[in-house]
Amino acid sequence: MRISEWPLLNPIRKELAFRLKAKSATPDEVASLGAQWRRVLDNSLPEYRNLNAKSTRHVLFVTGYGLSPAMLSYESVLMMGLHIRGCRVSSLYCNTSLPACEFNSTGNNRPGSGIYASGLTRKAVLQTCSQCTSNIQALYPLLPIELHGYDRFLTPEDFRLAHEASSAASFENFRTFEFEGVNVGEEVFASVLRVTLCGTIEDTKKNRWLVSRFLYACTLMEIAARKAYTTLKPDRIVAVHGIYATHGIAAKVANHLGIPIIIFGTPYRKSTIWLSHNDSYHRTLMTEPPSIWNAPPLTAQERDLTWKYLISRQAGGRDYVSYHPNPVDDVETLYRDLRIDRSRKIISLFTNVIWDAQIYYNFNVFSNIFEWLAFSVRELAKNPNVWLVIRIHPAEVKGGMPTKQPILPEIRKLFPVLPPNVRIIPPESDLSSYTLAENSQAALIYGTKMGLEMAARGLPVAVCGETFSRGKGFTLDVVSQEQYRALLQNIHNLNPLEPEKKELAIQYAHYLFFRKMM
């Protein structure tokens, strides 16, 4: 019997959807999951409990996600799915080893966090670091898997070495810091952005402290992962997300040692999961060869399925997150609220969540989203044929972790007086982004996922940063500022996408939403 057919797993599956919104798992939730697993195991065939003793294939899950009830559910289901297929399964988790992680910049409070804990050190340690550990220790030992803490592999000398090595990195150049051949600085940068919920790291005393602390933590994580992998000798490693201090370093060390690693994540379409190999899906979606998704042509049934899903995204309902449950999609309201008329063409610019999964890409033309915004506004202000409408991502205020560096104040810093042909839709507005796109001549994006949906509707989309739409053949991929400037000068003359490019976007949408999201 496949694990997906176990009827007693139904309660676990039903709880996954609403638990994705929970910030952290409570002891009661963990006890509930434990009770469900006890029922599953009590009703399983006895031989399932002794499979690991016979297995020669070792699959290691790294850095357990103890703060997330959804991830505790996902990981345990995946672990047991591999277990009943004859794999030896083990889990490797922090066990309060690290001085910082992407969920808690005070970590185990060693070294002391000082004034930057803002009086919350005790709460942070007890309710974040310790809760993560206790949730894992309460659930995973119930299952026929091995459980290992990173603390088992770390010595006092490792802490000294990590602190000494990381202290040599400067604040100005920390993003390029490497330790034992692993790019530690990239995960430091991503982690600090996630902790601060900002898109840039300004030179402040607190940010210098955060960078220093995460340099230490990520270097120590590199040492712990390397020693654990060498000792445990897994055939495969599994991790979630593949970015930040824990899972990002875990993936980089696996790559450095030549151990295959599978990264899993929970995309926005309900009841799905997606996987990537040897790197985060944030990057592999942009580098996988076209032959994976552009042949054969879609059947009529596949095309209809994809269109219905794309249409459903306008009002939500089939995704975990909907930022516009009551969208205002009347076009006359759009024109009236923005105070624009039809004498000019609308060029829409869509921002993204500036702190989320910010890692290095090979094709960045601008150093960050703010440089891109400033360039776009300045150049389009010179074009008398267009209205530039900036749609700020609604997740800035409607998401589970609102940004602490909102786009609108940053635009006002750059332009105390907006050019007369520039309008802004703030994040809290219910004006439909889809209605805006449908009435635009072209769209400009940096990293938002919406570029694919607009291209599938025939809208020309200029990709100026990094998103999975780049390089697929249906977007205008910006490779230099000079090219981008020339594009903006004549953007009002762009025609809708050719039918073959629109069809290509629909085909990629089917691949992404119905093949990649399993």
# chains A, B, ... in the order shown; residues from 1 in each chain; ligands from 1

$ select_by_dssp --residues "stretch 167-361 of chain A" --states "alpha helix (DSSP H)" --output "VMD selection string"
chain A and resid 167 184 to 196 205 to 232 247 to 257 281 to 287 300 to 312 331 to 338

$ residues_around --residues "A:Ser97" --least-positions-apart "6" --cutoff "12 Å" --atoms "only C-alpha atoms" --output "number ranges by chain"
A: 63, 106-111, 125, 129-130, 132-133, 148-156, 158-159, 216-218, 220-221, 223-225, 246

$ select_by_dssp --residues "stretch 56-164 of chain A" --states "strand (DSSP E or B)" --output "MDAnalysis selection string"
chainID A and resid 58:62 88:93 101 104 146:149

$ write_last_selection --atoms "N, CA and C atoms" --output "compact mmCIF listing (two decimals), in the first residue's frame"
# COMPACT_ATOMS: atom_id res chain seq x y z
N HIS A 58 20.57 5.31 2.38
CA HIS A 58 20.40 6.21 3.51
C HIS A 58 19.98 7.59 3.00
N VAL A 59 18.80 8.03 3.40
CA VAL A 59 18.30 9.36 3.04
C VAL A 59 18.28 10.21 4.31
N LEU A 60 18.97 11.35 4.25
CA LEU A 60 19.12 12.22 5.41
C LEU A 60 18.33 13.51 5.21
N PHE A 61 17.36 13.78 6.07
CA PHE A 61 16.64 15.05 6.09
C PHE A 61 17.42 16.01 7.00
N VAL A 62 17.73 17.21 6.48
CA VAL A 62 18.59 18.10 7.25
C VAL A 62 17.81 19.28 7.82
N ARG A 88 16.69 3.67 4.67
CA ARG A 88 17.08 4.06 6.01
C ARG A 88 16.97 5.58 6.06
N VAL A 89 16.13 6.09 6.94
CA VAL A 89 15.82 7.52 6.98
C VAL A 89 16.30 8.10 8.31
N SER A 90 16.95 9.23 8.25
CA SER A 90 17.37 9.92 9.46
C SER A 90 17.14 11.41 9.31
N SER A 91 17.14 12.11 10.44
CA SER A 91 16.90 13.55 10.47
C SER A 91 18.04 14.22 11.24
N LEU A 92 18.52 15.33 10.68
CA LEU A 92 19.60 16.09 11.29
C LEU A 92 19.07 17.49 11.59
N TYR A 93 19.10 17.89 12.86
CA TYR A 93 18.50 19.17 13.23
C TYR A 93 19.46 19.96 14.13
N CYS A 101 19.79 31.88 13.41
CA CYS A 101 19.25 31.27 12.20
C CYS A 101 18.23 32.24 11.63
N ASN A 104 15.55 33.27 14.10
CA ASN A 104 15.86 33.78 15.42
C ASN A 104 17.30 34.28 15.46
N GLU A 146 16.11 7.74 12.54
CA GLU A 146 17.19 8.17 13.42
C GLU A 146 17.13 9.70 13.56
N LEU A 147 17.46 10.20 14.74
CA LEU A 147 17.45 11.64 14.98
C LEU A 147 18.82 12.05 15.51
N HIS A 148 19.43 13.03 14.81
CA HIS A 148 20.76 13.49 15.18
C HIS A 148 20.75 15.01 15.33
N GLY A 149 21.42 15.52 16.34
CA GLY A 149 21.58 16.96 16.52
C GLY A 149 22.95 17.40 16.03

$ closest_residue --among "A:Leu334, A:Ile263, A:Leu504, A:Ala374" --to "A:Leu431" --atoms "only C-alpha atoms"
A:Leu334

$ closest_residue --among "A:Leu488, A:Val328, A:Ala162, A:Val365" --to "A:Val377" --atoms "only C-alpha atoms"
A:Leu488

$ residues_around --residues "A:Glu222" --least-positions-apart "4" --cutoff "7 Å" --atoms "only C-alpha atoms" --output "PyMOL selection string"
chain A and resi 218+226+249+253

$ write_last_selection --atoms "C-alpha atoms" --output "PDB file, in the first residue's frame"
ATOM      1  CA  CYS A 218      26.685  30.277   8.920  1.00  0.00           C
ATOM      2  CA  ARG A 226      30.412  18.952   6.726  1.00  0.00           C
ATOM      3  CA  ILE A 249      24.378  26.179   3.945  1.00  0.00           C
ATOM      4  CA  VAL A 253      27.958  21.799   1.714  1.00  0.00           C
TER       5      VAL A 253
END

$ residues_around --residues "stretch 469-472 of chain A" --least-positions-apart "4" --cutoff "7 Å" --atoms "only C-alpha atoms" --output "mmCIF file with N, CA and C atoms, in the first residue's frame"
data_model
loop_
_atom_site.group_PDB
_atom_site.id
_atom_site.type_symbol
_atom_site.label_atom_id
_atom_site.label_comp_id
_atom_site.auth_asym_id
_atom_site.auth_seq_id
_atom_site.Cartn_x
_atom_site.Cartn_y
_atom_site.Cartn_z
ATOM 1 N N MET A 286 15.079 28.675 -13.343
ATOM 2 C CA MET A 286 15.602 29.565 -14.372
ATOM 3 C C MET A 286 16.687 28.921 -15.215
ATOM 4 N N GLY A 451 4.670 37.780 -13.966
ATOM 5 C CA GLY A 451 5.068 37.952 -15.358
ATOM 6 C C GLY A 451 4.568 36.842 -16.256
ATOM 7 N N LEU A 452 4.591 35.613 -15.763
ATOM 8 C CA LEU A 452 4.116 34.480 -16.551
ATOM 9 C C LEU A 452 2.642 34.618 -16.880
ATOM 10 N N VAL A 463 11.488 41.649 -18.332
ATOM 11 C CA VAL A 463 12.040 41.091 -17.097
ATOM 12 C C VAL A 463 13.372 41.783 -16.822
ATOM 13 N N ASP A 477 13.807 40.009 -22.156
ATOM 14 C CA ASP A 477 14.790 39.853 -21.086
ATOM 15 C C ASP A 477 15.837 40.963 -21.177
#

$ closest_residue --among "A:Trp387, A:Phe468, A:Phe189, A:Phe350" --to "A:His282" --atoms "only C-alpha atoms"
A:Phe468

$ residues_around --residues "A:Ile136" --least-positions-apart "4" --cutoff "8 Å" --atoms "only C-alpha atoms" --output "list in words"
Gly64, Tyr65, Gly66, Leu72, Cys132 and Tyr140 of chain A

$ residues_around --residues "A:Leu305" --least-positions-apart "4" --cutoff "12 Å" --atoms "only C-alpha atoms" --output "PDB file with N, CA and C atoms, in the first residue's frame"
ATOM      1  N   LEU A 298       0.639  21.067 -25.932  1.00  0.00           N
ATOM      2  CA  LEU A 298      -0.432  20.764 -24.990  1.00  0.00           C
ATOM      3  C   LEU A 298      -1.627  20.151 -25.708  1.00  0.00           C
ATOM      4  N   THR A 299      -2.272  19.233 -25.031  1.00  0.00           N
ATOM      5  CA  THR A 299      -3.543  18.733 -25.532  1.00  0.00           C
ATOM      6  C   THR A 299      -4.623  19.774 -25.216  1.00  0.00           C
ATOM      7  N   ALA A 300      -5.781  19.627 -25.847  1.00  0.00           N
ATOM      8  CA  ALA A 300      -6.887  20.549 -25.585  1.00  0.00           C
ATOM      9  C   ALA A 300      -7.293  20.494 -24.112  1.00  0.00           C
ATOM     10  N   GLN A 301      -7.250  19.306 -23.526  1.00  0.00           N
ATOM     11  CA  GLN A 301      -7.625  19.151 -22.122  1.00  0.00           C
ATOM     12  C   GLN A 301      -6.616  19.853 -21.211  1.00  0.00           C
ATOM     13  N   TYR A 309      -7.234  27.441 -14.404  1.00  0.00           N
ATOM     14  CA  TYR A 309      -6.468  27.756 -13.207  1.00  0.00           C
ATOM     15  C   TYR A 309      -5.965  29.199 -13.245  1.00  0.00           C
ATOM     16  N   LEU A 310      -5.454  29.653 -14.393  1.00  0.00           N
ATOM     17  CA  LEU A 310      -4.977  31.035 -14.497  1.00  0.00           C
ATOM     18  C   LEU A 310      -6.101  32.027 -14.220  1.00  0.00           C
ATOM     19  N   ILE A 311      -7.272  31.742 -14.722  1.00  0.00           N
ATOM     20  CA  ILE A 311      -8.419  32.625 -14.463  1.00  0.00           C
ATOM     21  C   ILE A 311      -8.781  32.612 -12.980  1.00  0.00           C
ATOM     22  N   SER A 312      -8.670  31.442 -12.343  1.00  0.00           N
ATOM     23  CA  SER A 312      -9.024  31.345 -10.925  1.00  0.00           C
ATOM     24  C   SER A 312      -8.099  32.163 -10.038  1.00  0.00           C
ATOM     25  N   ILE A 506       1.672  29.814 -22.167  1.00  0.00           N
ATOM     26  CA  ILE A 506       0.636  28.919 -21.647  1.00  0.00           C
ATOM     27  C   ILE A 506       1.221  27.523 -21.410  1.00  0.00           C
ATOM     28  N   GLN A 507       2.083  27.095 -22.316  1.00  0.00           N
ATOM     29  CA  GLN A 507       2.692  25.781 -22.158  1.00  0.00           C
ATOM     30  C   GLN A 507       3.590  25.746 -20.918  1.00  0.00           C
ATOM     31  N   ALA A 509       3.196  27.673 -18.314  1.00  0.00           N
ATOM     32  CA  ALA A 509       2.288  27.744 -17.168  1.00  0.00           C
ATOM     33  C   ALA A 509       1.766  26.356 -16.815  1.00  0.00           C
ATOM     34  N   HIS A 510       1.456  25.556 -17.839  1.00  0.00           N
ATOM     35  CA  HIS A 510       0.995  24.181 -17.561  1.00  0.00           C
ATOM     36  C   HIS A 510       2.092  23.379 -16.889  1.00  0.00           C
ATOM     37  N   TYR A 511       3.311  23.518 -17.388  1.00  0.00           N
ATOM     38  CA  TYR A 511       4.433  22.798 -16.778  1.00  0.00           C
ATOM     39  C   TYR A 511       4.610  23.209 -15.321  1.00  0.00           C
ATOM     40  N   PHE A 513       2.514  24.838 -13.117  1.00  0.00           N
ATOM     41  CA  PHE A 513       1.407  24.665 -12.181  1.00  0.00           C
ATOM     42  C   PHE A 513       0.900  23.230 -12.082  1.00  0.00           C
ATOM     43  N   PHE A 514       1.116  22.422 -13.143  1.00  0.00           N
ATOM     44  CA  PHE A 514       0.513  21.079 -13.126  1.00  0.00           C
ATOM     45  C   PHE A 514       1.517  19.944 -13.282  1.00  0.00           C
TER      46      PHE A 514
END

$ atom_distance --atom1 "atom CA of A:Val478" --atom2 "atom CA of A:Val192"
27.9 Å

$ closest_residue --among "A:Gly34, A:Phe103, A:Gly458, A:Tyr48" --to "A:Pro141" --atoms "only C-alpha atoms"
A:Gly34

$ residues_around --residues "A:Glu438" --least-positions-apart "5" --cutoff "9 Å" --atoms "only C-alpha atoms" --output "ChimeraX atom specification"
/A:433,454,457,459

$ write_last_selection --atoms "N, CA, C and O atoms" --output "PDB file, in the first residue's frame"
ATOM      1  N   SER A 433      -4.823  43.845  -9.876  1.00  0.00           N
ATOM      2  CA  SER A 433      -3.598  43.861 -10.672  1.00  0.00           C
ATOM      3  C   SER A 433      -3.855  43.286 -12.061  1.00  0.00           C
ATOM      4  O   SER A 433      -3.212  43.682 -13.041  1.00  0.00           O
ATOM      5  N   MET A 454       0.833  37.306 -17.078  1.00  0.00           N
ATOM      6  CA  MET A 454       0.585  38.387 -18.039  1.00  0.00           C
ATOM      7  C   MET A 454       0.999  37.970 -19.440  1.00  0.00           C
ATOM      8  O   MET A 454       0.305  38.271 -20.421  1.00  0.00           O
ATOM      9  N   ARG A 457      -1.478  35.916 -21.193  1.00  0.00           N
ATOM     10  CA  ARG A 457      -2.605  36.703 -21.692  1.00  0.00           C
ATOM     11  C   ARG A 457      -2.222  37.576 -22.881  1.00  0.00           C
ATOM     12  O   ARG A 457      -3.035  38.361 -23.358  1.00  0.00           O
ATOM     13  N   LEU A 459       0.400  39.864 -23.030  1.00  0.00           N
ATOM     14  CA  LEU A 459       0.992  41.166 -22.725  1.00  0.00           C
ATOM     15  C   LEU A 459       2.514  41.078 -22.816  1.00  0.00           C
ATOM     16  O   LEU A 459       3.119  40.172 -22.231  1.00  0.00           O
TER      17      LEU A 459
END
